[in-house]
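Pasting model06.csv here (CSV, C-alpha atoms):
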```csv
chain,number,residue,atom,x,y,z
A,1,MET,CA,-8.7,-0.5,-0.7
A,2,ILE,CA,-5.1,0.5,-1.4
A,3,GLY,CA,-6.0,1.3,-5.0
A,4,GLU,CA,-8.7,3.7,-4.0
A,5,GLN,CA,-8.2,7.4,-4.4
A,6,VAL,CA,-6.7,9.1,-1.3
A,7,PRO,CA,-8.4,12.3,0.0
A,8,PRO,CA,-6.7,15.3,-1.5
A,9,TRP,CA,-5.7,16.6,1.9
A,10,LEU,CA,-3.6,13.4,2.5
A,11,ASP,CA,-2.3,12.9,-1.0
A,12,GLY,CA,0.9,14.7,-0.4
A,13,ALA,CA,2.1,12.2,2.2
A,14,ALA,CA,2.8,9.7,-0.6
A,15,GLY,CA,4.6,12.1,-2.9
A,16,PRO,CA,8.1,13.6,-3.2
A,17,GLY,CA,7.4,16.1,-0.4
A,18,GLN,CA,7.5,13.4,2.3
A,19,PRO,CA,8.6,14.8,5.7
A,20,ASP,CA,12.3,15.1,6.5
A,21,PHE,CA,12.5,13.4,9.9
A,22,SER,CA,16.1,14.4,10.4
A,23,ASP,CA,14.7,17.8,11.2
A,24,THR,CA,11.8,16.8,13.4
A,25,LEU,CA,13.5,13.9,15.3
A,26,GLY,CA,17.2,15.0,15.2
A,27,ARG,CA,20.2,13.8,13.3
A,28,ALA,CA,21.6,12.2,16.5
A,29,ARG,CA,18.9,9.5,16.1
A,30,ILE,CA,20.2,8.7,12.7
A,31,LEU,CA,23.8,8.5,13.9
A,32,ARG,CA,22.8,6.2,16.8
A,33,ARG,CA,21.1,3.9,14.3
A,34,LYS,CA,24.3,3.5,12.4
A,35,MET,CA,26.2,2.5,15.6
A,36,ALA,CA,23.5,0.2,16.9
A,37,GLY,CA,24.3,-3.0,15.0
A,38,GLN,CA,21.5,-5.5,14.9
A,39,VAL,CA,18.0,-4.1,15.4
A,40,ARG,CA,14.4,-5.3,15.4
A,41,GLN,CA,11.7,-4.4,12.9
A,42,ALA,CA,8.4,-2.8,13.8
A,43,ALA,CA,5.6,-0.7,12.3
A,44,VAL,CA,3.1,1.9,13.5
A,45,LEU,CA,-0.2,2.9,12.0
A,46,VAL,CA,-0.5,6.7,11.4
A,47,LEU,CA,-4.3,6.7,10.9
A,48,PHE,CA,-6.2,9.8,9.9
A,49,ALA,CA,-10.0,10.2,9.6
A,50,GLY,CA,-12.1,13.0,8.2
A,51,ASP,CA,-14.3,14.3,5.4
A,52,PRO,CA,-12.7,13.0,2.2
A,53,ALA,CA,-13.5,16.2,0.4
A,54,GLY,CA,-11.6,18.3,2.8
A,55,ASP,CA,-11.9,22.0,3.3
A,56,PRO,CA,-10.5,24.1,0.5
A,57,ASP,CA,-10.4,27.2,2.8
A,58,ALA,CA,-8.3,25.5,5.5
A,59,PRO,CA,-4.5,25.1,5.4
A,60,GLY,CA,-3.6,22.1,3.3
A,61,GLY,CA,-7.3,21.4,2.8
A,62,LEU,CA,-7.6,19.8,6.2
A,63,PRO,CA,-11.3,19.1,7.0
A,64,ALA,CA,-12.7,20.5,10.3
A,65,ASP,CA,-13.5,17.0,11.5
A,66,ALA,CA,-10.0,15.5,10.9
A,67,GLU,CA,-8.8,13.2,13.6
A,68,VAL,CA,-5.8,11.0,14.3
A,69,LEU,CA,-5.8,7.7,16.3
A,70,LEU,CA,-3.4,7.7,19.3
A,71,THR,CA,-2.9,5.3,22.2
A,72,GLN,CA,-1.3,5.8,25.6
A,73,ARG,CA,0.9,3.0,26.7
A,74,ALA,CA,0.2,1.4,30.1
A,75,SER,CA,2.2,3.0,33.0
A,76,THR,CA,3.3,-0.5,34.1
A,77,MET,CA,5.1,-1.3,30.9
A,78,ARG,CA,8.9,-1.9,31.1
A,79,GLN,CA,9.7,0.4,28.1
A,80,HIS,CA,8.0,3.6,26.9
A,81,ARG,CA,5.5,3.4,29.9
A,82,GLY,CA,2.8,6.0,29.8
A,83,GLN,CA,4.0,7.4,26.5
A,84,VAL,CA,1.5,8.5,23.7
A,85,ALA,CA,2.0,6.5,20.5
A,86,PHE,CA,0.5,5.4,17.3
A,87,PRO,CA,-0.9,1.8,17.4
A,88,GLY,CA,1.9,-0.6,16.4
A,89,GLY,CA,4.6,-3.0,17.4
A,90,ALA,CA,7.1,-5.6,16.5
A,91,VAL,CA,6.9,-7.6,13.3
A,92,ASP,CA,5.6,-11.2,13.7
A,93,PRO,CA,7.0,-14.0,11.6
A,94,GLY,CA,3.6,-14.4,9.8
A,95,ASP,CA,3.2,-10.7,8.9
A,96,GLU,CA,3.3,-9.9,5.2
A,97,GLY,CA,5.3,-6.7,5.5
A,98,PRO,CA,5.0,-3.5,7.5
A,99,VAL,CA,1.4,-2.7,6.4
A,100,ASP,CA,0.2,-6.0,7.7
A,101,THR,CA,2.2,-5.5,10.9
A,102,ALA,CA,0.7,-2.1,11.5
A,103,LEU,CA,-2.9,-3.2,10.8
A,104,ARG,CA,-2.5,-6.4,13.0
A,105,GLU,CA,-1.1,-4.5,15.9
A,106,ALA,CA,-3.7,-1.7,15.6
A,107,TRP,CA,-6.5,-4.4,15.7
A,108,GLU,CA,-4.9,-6.1,18.7
A,109,GLU,CA,-4.5,-2.8,20.6
A,110,THR,CA,-7.7,-0.9,19.7
A,111,GLY,CA,-10.1,-3.5,18.2
A,112,LEU,CA,-10.4,-1.4,15.0
A,113,ASP,CA,-11.9,-3.1,11.9
A,114,ARG,CA,-9.0,-3.1,9.6
A,115,ALA,CA,-11.4,-3.5,6.6
A,116,GLY,CA,-12.2,0.2,7.0
A,117,VAL,CA,-8.6,1.3,6.8
A,118,GLN,CA,-6.9,2.4,3.6
A,119,PRO,CA,-3.1,2.3,3.9
A,120,PHE,CA,-1.6,4.3,1.1
A,121,THR,CA,2.1,4.9,1.9
A,122,THR,CA,5.0,4.0,4.1
A,123,LEU,CA,7.5,6.6,5.4
A,124,PRO,CA,11.3,6.0,5.9
A,125,LYS,CA,12.2,3.8,8.8
A,126,LEU,CA,13.0,5.6,12.1
A,127,PHE,CA,15.2,4.2,14.8
A,128,VAL,CA,14.1,4.0,18.5
A,129,PRO,CA,17.2,3.8,20.6
A,130,PRO,CA,15.8,2.5,23.9
A,131,SER,CA,14.1,-0.5,22.3
A,132,ARG,CA,16.5,-0.8,19.3
A,133,PHE,CA,13.5,-0.9,16.9
A,134,ASP,CA,13.6,0.2,13.3
A,135,VAL,CA,10.0,1.6,13.0
A,136,THR,CA,8.2,1.9,9.7
A,137,PRO,CA,5.3,4.5,9.8
A,138,VAL,CA,2.4,3.3,7.7
A,139,VAL,CA,0.2,6.3,6.8
A,140,ALA,CA,-3.5,5.4,6.2
A,141,TYR,CA,-6.9,6.9,5.8
A,142,TRP,CA,-9.8,5.7,8.0
A,143,ARG,CA,-12.3,5.5,5.2
A,144,THR,CA,-14.9,3.7,7.4
A,145,PRO,CA,-14.2,4.4,11.1
A,146,SER,CA,-15.1,1.7,13.5
A,147,GLU,CA,-15.4,1.5,17.3
A,148,VAL,CA,-12.1,1.5,19.1
A,149,ARG,CA,-11.3,0.8,22.7
A,150,VAL,CA,-8.6,-0.4,25.1
A,151,VAL,CA,-8.3,-4.1,24.4
A,152,ASP,CA,-5.5,-5.1,26.9
A,153,ARG,CA,-5.0,-2.9,30.1
A,154,ALA,CA,-1.6,-4.5,30.6
A,155,GLU,CA,-0.4,-2.8,27.4
A,156,THR,CA,-2.6,0.3,26.9
A,157,ASP,CA,-4.2,2.9,29.2
A,158,ARG,CA,-6.1,4.9,26.6
A,159,VAL,CA,-7.2,4.8,23.0
A,160,VAL,CA,-8.1,8.3,21.7
A,161,ARG,CA,-9.4,9.8,18.5
A,162,VAL,CA,-7.7,13.2,18.7
A,163,PRO,CA,-9.1,16.1,16.7
A,164,MET,CA,-6.4,17.6,14.5
A,165,ALA,CA,-7.8,21.1,15.2
A,166,GLU,CA,-6.8,20.7,18.9
A,167,LEU,CA,-3.5,19.1,18.1
A,168,LEU,CA,-2.6,21.9,15.7
A,169,ASP,CA,-3.8,24.7,18.0
A,170,PRO,CA,-0.7,26.9,18.4
A,171,ALA,CA,-1.4,27.1,22.1
A,172,ASN,CA,-0.9,23.3,22.3
A,173,ARG,CA,2.5,23.2,20.5
A,174,PHE,CA,6.0,23.7,21.8
A,175,LEU,CA,9.4,21.9,22.0
A,176,VAL,CA,10.6,19.7,24.9
A,177,ARG,CA,14.2,19.1,25.9
A,178,SER,CA,15.6,16.5,28.2
A,179,ALA,CA,18.4,16.9,30.7
A,180,LEU,CA,20.6,15.0,28.3
A,181,GLY,CA,20.0,17.5,25.5
A,182,TYR,CA,17.5,15.5,23.5
A,183,SER,CA,14.8,17.7,22.0
A,184,SER,CA,11.5,16.9,20.3
A,185,PRO,CA,8.4,18.6,18.9
A,186,ALA,CA,5.6,18.3,21.4
A,187,PHE,CA,1.8,18.6,21.5
A,188,GLN,CA,-0.3,18.9,24.7
A,189,VAL,CA,-3.8,17.7,24.1
A,190,ASP,CA,-6.6,15.9,26.0
A,191,GLY,CA,-4.4,15.5,29.1
A,192,MET,CA,-1.6,13.9,27.1
A,193,LEU,CA,1.9,15.0,26.1
A,194,VAL,CA,2.7,13.8,22.5
A,195,TRP,CA,6.5,13.9,22.0
A,196,GLY,CA,9.4,11.7,20.9
A,197,LEU,CA,8.9,9.5,17.9
A,198,THR,CA,5.1,10.2,17.7
A,199,GLY,CA,5.5,13.9,18.1
A,200,GLY,CA,8.3,14.0,15.5
A,201,ILE,CA,6.2,12.0,12.9
A,202,LEU,CA,3.2,14.2,13.4
A,203,ALA,CA,5.3,17.4,13.2
A,204,GLY,CA,6.9,16.2,10.0
A,205,LEU,CA,3.6,15.3,8.4
A,206,VAL,CA,1.7,18.4,9.3
A,207,THR,CA,4.5,20.6,8.0
A,208,SER,CA,4.9,18.7,4.7
A,209,LEU,CA,1.1,18.6,4.1
A,210,GLY,CA,0.7,22.3,4.8
A,211,TRP,CA,-1.6,21.8,7.7
A,212,GLU,CA,0.1,23.8,10.4
A,213,SER,CA,-0.5,27.4,11.7
A,214,GLU,CA,2.3,29.5,13.0
A,215,TRP,CA,3.4,28.6,16.5
A,216,ASP,CA,6.0,29.7,19.0
A,217,ARG,CA,9.2,27.7,18.1
A,218,THR,CA,11.1,29.5,20.9
A,219,ASP,CA,8.8,27.9,23.5
A,220,VAL,CA,11.2,25.2,24.8
A,221,ARG,CA,10.1,23.3,28.0
A,222,ASP,CA,11.9,20.9,30.2
A,223,LEU,CA,10.7,17.4,29.3
A,224,GLU,CA,10.2,16.2,32.9
A,225,GLU,CA,8.3,19.3,33.8
A,226,ALA,CA,6.1,19.0,30.7
A,227,LEU,CA,5.4,15.4,31.5
A,228,ALA,CA,4.6,16.2,35.2
A,229,ALA,CA,2.1,18.8,34.0
A,230,VAL,CA,-0.1,16.1,32.5
A,231,GLY,CA,0.6,13.6,35.3
A,232,MET,CA,3.2,11.6,33.5
A,233,VAL,CA,6.8,10.6,34.3
A,234,LEU,CA,9.8,9.3,32.4
```
Structure re-expressed in C-alpha cells:
Amino acid sequence: MIGEQVPPWLDGAAGPGQPDFSDTLGRARILRRKMAGQVRQAAVLVLFAGDPAGDPDAPGGLPADAEVLLTQRASTMRQHRGQVAFPGGAVDPGDEGPVDTALREAWEETGLDRAGVQPFTTLPKLFVPPSRFDVTPVVAYWRTPSEVRVVDRAETDRVVRVPMAELLDPANRFLVRSALGYSSPAFQVDGMLVWGLTGGILAGLVTSLGWESEWDRTDVRDLEEALAAVGMVL
C-alpha cells in the first residue's frame, strides 16, 4: 500500500515543505536532546482518514469528513498519564523500522486493522525529555478505516476519531504555558486537551499542509488551568 497514490490533501506531508518542529515544539527541546546522552527509540502513527478526493474549496483541500486518530493515556500510568497522544510506543527488537513499530503499537492500543493503513512518510525524530525517547512520527492515510477501541484499560482510557473540522476550529486553538516556561500549541476538543508533542506535531502539519484558519495566537493559557478545565492534571 505504500506505493499507492496519497490523497492530494496529504501529499505535501512527504515533500520539501515538511513542518519545522523547532517552531511548534520549541528549540529548547532540541538542545535538551543534545545534552541527554543515550536515548530510546519510539514511533507514533499520525493517522488521517477522509475522502481521498478532498474538497478543492477548503484550505489545503481538506475534506469535510477528515479525521485524525488519537488516544488518551490511562490516568494510572507512571509517565504521561492522562495525556492525549497518537498511538505508538517503544521500538521492539523484532520491529522492522519505525513504520512497523507505529503500526504494531497502534494495533496493540486500538485494535485497528493495519492492512487498511497506508503509511507514506516519516517526519524528523522528536525528543521527549521526561521519557528520554527519540520519537519518529509516521504519517499515514487510513484508506480503509476499521473499528477501533480501547484494548488495554491499564494503558489507554480513550480511543477517539477526532474530526479535523473541530480540531481546527479557531475557537478550539490556543497556546499553553507551564510554570517552568514551557509553551506548546494546544487544541481543546471532545473534552480533551491536545498539547505537548502531539499538539506540536498537529500544529506543524496543519500549517505546512495549508489546512488552518486564522486563530488567536495571543491567547496563552496556564497549562495547569487548561488541563483542569477538561478534568486533567499534570
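Taking all atoms listed in the file into account, A:Arg149 lies nearest to A:Leu70 out of the set A:Leu70, A:Ala228, A:Leu62, A:Ala43.
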Self-check item: stretch 143-146 of chain A surroundings by all atoms listed in the file, 12 Å radius, close-in-sequence under 6 positions cut, as number ranges by chain
Solution: A: 1-2, 4-7, 47-53, 66-69, 107, 110-120, 161
May I have the residues from that selection written out with C-alpha atoms, as a PDB file, in the coordinates of the input?
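part_2.pdb, freshly written:
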```pdb
ATOM      1  CA  MET A   1      -8.700  -0.500  -0.700  1.00  0.00           C
ATOM      2  CA  ILE A   2      -5.100   0.500  -1.400  1.00  0.00           C
ATOM      3  CA  GLU A   4      -8.700   3.700  -4.000  1.00  0.00           C
ATOM      4  CA  GLN A   5      -8.200   7.400  -4.400  1.00  0.00           C
ATOM      5  CA  VAL A   6      -6.700   9.100  -1.300  1.00  0.00           C
ATOM      6  CA  PRO A   7      -8.400  12.300   0.000  1.00  0.00           C
ATOM      7  CA  LEU A  47      -4.300   6.700  10.900  1.00  0.00           C
ATOM      8  CA  PHE A  48      -6.200   9.800   9.900  1.00  0.00           C
ATOM      9  CA  ALA A  49     -10.000  10.200   9.600  1.00  0.00           C
ATOM     10  CA  GLY A  50     -12.100  13.000   8.200  1.00  0.00           C
ATOM     11  CA  ASP A  51     -14.300  14.300   5.400  1.00  0.00           C
ATOM     12  CA  PRO A  52     -12.700  13.000   2.200  1.00  0.00           C
ATOM     13  CA  ALA A  53     -13.500  16.200   0.400  1.00  0.00           C
ATOM     14  CA  ALA A  66     -10.000  15.500  10.900  1.00  0.00           C
ATOM     15  CA  GLU A  67      -8.800  13.200  13.600  1.00  0.00           C
ATOM     16  CA  VAL A  68      -5.800  11.000  14.300  1.00  0.00           C
ATOM     17  CA  LEU A  69      -5.800   7.700  16.300  1.00  0.00           C
ATOM     18  CA  TRP A 107      -6.500  -4.400  15.700  1.00  0.00           C
ATOM     19  CA  THR A 110      -7.700  -0.900  19.700  1.00  0.00           C
ATOM     20  CA  GLY A 111     -10.100  -3.500  18.200  1.00  0.00           C
ATOM     21  CA  LEU A 112     -10.400  -1.400  15.000  1.00  0.00           C
ATOM     22  CA  ASP A 113     -11.900  -3.100  11.900  1.00  0.00           C
ATOM     23  CA  ARG A 114      -9.000  -3.100   9.600  1.00  0.00           C
ATOM     24  CA  ALA A 115     -11.400  -3.500   6.600  1.00  0.00           C
ATOM     25  CA  GLY A 116     -12.200   0.200   7.000  1.00  0.00           C
ATOM     26  CA  VAL A 117      -8.600   1.300   6.800  1.00  0.00           C
ATOM     27  CA  GLN A 118      -6.900   2.400   3.600  1.00  0.00           C
ATOM     28  CA  PRO A 119      -3.100   2.300   3.900  1.00  0.00           C
ATOM     29  CA  PHE A 120      -1.600   4.300   1.100  1.00  0.00           C
ATOM     30  CA  ARG A 161      -9.400   9.800  18.500  1.00  0.00           C
TER      31      ARG A 161
END
```
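Coordinates place atom CA of A:Val162 at a distance of 8.0 Å from atom CA of A:Val189.
Of the listed residues (A:Ala58, A:Ala42, A:Val220, A:Glu109), A:Glu109 comes nearest to A:Val159; the distances count all atoms listed in the file.
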Self-check item: Selection: 10 Å around A:Gln188, only C-alpha atoms, excl. self and same-chain fewer than 2 positions, as a VMD selection string
Solution: chain A and resid 166 to 169 171 to 174 186 190 to 195 226 to 227 229 to 230
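Rounded to one decimal, atom CA of A:Leu197 and atom CA of A:Trp142 lie 21.5 Å from each other.
Among the candidates A:Pro59, A:Pro137, A:Pro163, A:Gly97, the residue lying nearest to A:Gly210 is A:Pro59 (atoms considered: all atoms listed in the file).
The spacing separating atom CA of A:Phe86 from atom CA of A:Thr198 amounts to 6.7 Å.
Candidate residues A:Gly61, A:Glu147, A:Ala90, A:Arg177 were compared for distance to A:Asp134, and the nearest is A:Ala90, using only C-alpha atoms.
Residue nearest A:Pro19 within the list A:Gly204, A:Pro63, A:Gly181, A:Gly54: A:Gly204 [criterion: smallest interatomic distance, only C-alpha atoms].
Proximity to A:Ser178 was assessed for A:Leu234, A:Leu126, A:Ala102, A:Val84 counting only C-alpha atoms; the smallest distance is recorded for A:Leu234.
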Could you get me a file of stretch 129-149 of chain A with N, CA, C and O atoms, as a PDB file, in the first residue's frame, taken from the block above?
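File part.pdb, as written:
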```
ATOM      1  N   PRO A 129      11.715  14.715  26.546  1.00  0.00           N
ATOM      2  CA  PRO A 129      12.619  14.714  27.705  1.00  0.00           C
ATOM      3  C   PRO A 129      12.202  13.824  28.874  1.00  0.00           C
ATOM      4  O   PRO A 129      13.061  13.096  29.414  1.00  0.00           O
ATOM      5  N   PRO A 130      10.919  13.819  29.333  1.00  0.00           N
ATOM      6  CA  PRO A 130      10.616  13.021  30.527  1.00  0.00           C
ATOM      7  C   PRO A 130      10.910  11.534  30.378  1.00  0.00           C
ATOM      8  O   PRO A 130      11.356  10.887  31.319  1.00  0.00           O
ATOM      9  N   SER A 131      10.643  10.981  29.185  1.00  0.00           N
ATOM     10  CA  SER A 131      10.852   9.550  28.978  1.00  0.00           C
ATOM     11  C   SER A 131      12.132   9.234  28.224  1.00  0.00           C
ATOM     12  O   SER A 131      12.462   8.072  28.017  1.00  0.00           O
ATOM     13  N   ARG A 132      12.858  10.285  27.774  1.00  0.00           N
ATOM     14  CA  ARG A 132      14.111  10.128  27.037  1.00  0.00           C
ATOM     15  C   ARG A 132      13.923   9.281  25.778  1.00  0.00           C
ATOM     16  O   ARG A 132      14.752   8.440  25.442  1.00  0.00           O
ATOM     17  N   PHE A 133      12.825   9.526  25.075  1.00  0.00           N
ATOM     18  CA  PHE A 133      12.550   8.856  23.813  1.00  0.00           C
ATOM     19  C   PHE A 133      12.865   9.782  22.640  1.00  0.00           C
ATOM     20  O   PHE A 133      12.569  10.975  22.684  1.00  0.00           O
ATOM     21  N   ASP A 134      13.459   9.230  21.594  1.00  0.00           N
ATOM     22  CA  ASP A 134      13.501   9.850  20.294  1.00  0.00           C
ATOM     23  C   ASP A 134      12.328   9.278  19.507  1.00  0.00           C
ATOM     24  O   ASP A 134      12.325   8.076  19.191  1.00  0.00           O
ATOM     25  N   VAL A 135      11.341  10.099  19.191  1.00  0.00           N
ATOM     26  CA  VAL A 135      10.095   9.624  18.595  1.00  0.00           C
ATOM     27  C   VAL A 135      10.058   9.963  17.104  1.00  0.00           C
ATOM     28  O   VAL A 135      10.234  11.124  16.716  1.00  0.00           O
ATOM     29  N   THR A 136       9.809   8.956  16.283  1.00  0.00           N
ATOM     30  CA  THR A 136       9.635   9.157  14.844  1.00  0.00           C
ATOM     31  C   THR A 136       8.145   9.193  14.518  1.00  0.00           C
ATOM     32  O   THR A 136       7.458   8.189  14.690  1.00  0.00           O
ATOM     33  N   PRO A 137       7.608  10.331  14.057  1.00  0.00           N
ATOM     34  CA  PRO A 137       6.207  10.364  13.621  1.00  0.00           C
ATOM     35  C   PRO A 137       6.082   9.715  12.239  1.00  0.00           C
ATOM     36  O   PRO A 137       6.811  10.067  11.310  1.00  0.00           O
ATOM     37  N   VAL A 138       5.176   8.758  12.120  1.00  0.00           N
ATOM     38  CA  VAL A 138       4.886   8.083  10.857  1.00  0.00           C
ATOM     39  C   VAL A 138       3.523   8.584  10.375  1.00  0.00           C
ATOM     40  O   VAL A 138       2.502   8.324  11.011  1.00  0.00           O
ATOM     41  N   VAL A 139       3.519   9.329   9.290  1.00  0.00           N
ATOM     42  CA  VAL A 139       2.269   9.892   8.771  1.00  0.00           C
ATOM     43  C   VAL A 139       1.637   8.886   7.817  1.00  0.00           C
ATOM     44  O   VAL A 139       2.324   8.320   6.948  1.00  0.00           O
ATOM     45  N   ALA A 140       0.331   8.664   7.971  1.00  0.00           N
ATOM     46  CA  ALA A 140      -0.337   7.634   7.197  1.00  0.00           C
ATOM     47  C   ALA A 140      -1.757   8.064   6.837  1.00  0.00           C
ATOM     48  O   ALA A 140      -2.367   8.903   7.513  1.00  0.00           O
ATOM     49  N   TYR A 141      -2.257   7.445   5.773  1.00  0.00           N
ATOM     50  CA  TYR A 141      -3.648   7.651   5.347  1.00  0.00           C
ATOM     51  C   TYR A 141      -4.434   6.388   5.662  1.00  0.00           C
ATOM     52  O   TYR A 141      -4.021   5.273   5.324  1.00  0.00           O
ATOM     53  N   TRP A 142      -5.584   6.562   6.295  1.00  0.00           N
ATOM     54  CA  TRP A 142      -6.446   5.433   6.674  1.00  0.00           C
ATOM     55  C   TRP A 142      -7.355   5.129   5.489  1.00  0.00           C
ATOM     56  O   TRP A 142      -8.493   5.553   5.435  1.00  0.00           O
ATOM     57  N   ARG A 143      -6.817   4.379   4.543  1.00  0.00           N
ATOM     58  CA  ARG A 143      -7.534   4.132   3.295  1.00  0.00           C
ATOM     59  C   ARG A 143      -8.808   3.319   3.528  1.00  0.00           C
ATOM     60  O   ARG A 143      -9.837   3.538   2.877  1.00  0.00           O
ATOM     61  N   THR A 144      -8.743   2.356   4.452  1.00  0.00           N
ATOM     62  CA  THR A 144      -9.912   1.532   4.779  1.00  0.00           C
ATOM     63  C   THR A 144     -10.073   1.527   6.293  1.00  0.00           C
ATOM     64  O   THR A 144      -9.550   0.646   6.981  1.00  0.00           O
ATOM     65  N   PRO A 145     -10.777   2.521   6.855  1.00  0.00           N
ATOM     66  CA  PRO A 145     -10.920   2.585   8.312  1.00  0.00           C
ATOM     67  C   PRO A 145     -11.589   1.337   8.870  1.00  0.00           C
ATOM     68  O   PRO A 145     -12.529   0.781   8.276  1.00  0.00           O
ATOM     69  N   SER A 146     -11.091   0.897  10.013  1.00  0.00           N
ATOM     70  CA  SER A 146     -11.645  -0.260  10.706  1.00  0.00           C
ATOM     71  C   SER A 146     -12.119   0.163  12.093  1.00  0.00           C
ATOM     72  O   SER A 146     -11.854   1.280  12.536  1.00  0.00           O
ATOM     73  N   GLU A 147     -12.792  -0.730  12.756  1.00  0.00           N
ATOM     74  CA  GLU A 147     -13.242  -0.446  14.120  1.00  0.00           C
ATOM     75  C   GLU A 147     -12.031  -0.266  15.030  1.00  0.00           C
ATOM     76  O   GLU A 147     -11.042  -0.994  14.927  1.00  0.00           O
ATOM     77  N   VAL A 148     -12.104   0.722  15.923  1.00  0.00           N
ATOM     78  CA  VAL A 148     -11.056   0.921  16.925  1.00  0.00           C
ATOM     79  C   VAL A 148     -11.708   0.993  18.298  1.00  0.00           C
ATOM     80  O   VAL A 148     -12.879   1.366  18.430  1.00  0.00           O
ATOM     81  N   ARG A 149     -10.928   0.672  19.316  1.00  0.00           N
ATOM     82  CA  ARG A 149     -11.455   0.607  20.678  1.00  0.00           C
ATOM     83  C   ARG A 149     -10.282   0.646  21.650  1.00  0.00           C
ATOM     84  O   ARG A 149      -9.125   0.535  21.238  1.00  0.00           O
TER      85      ARG A 149
END
```
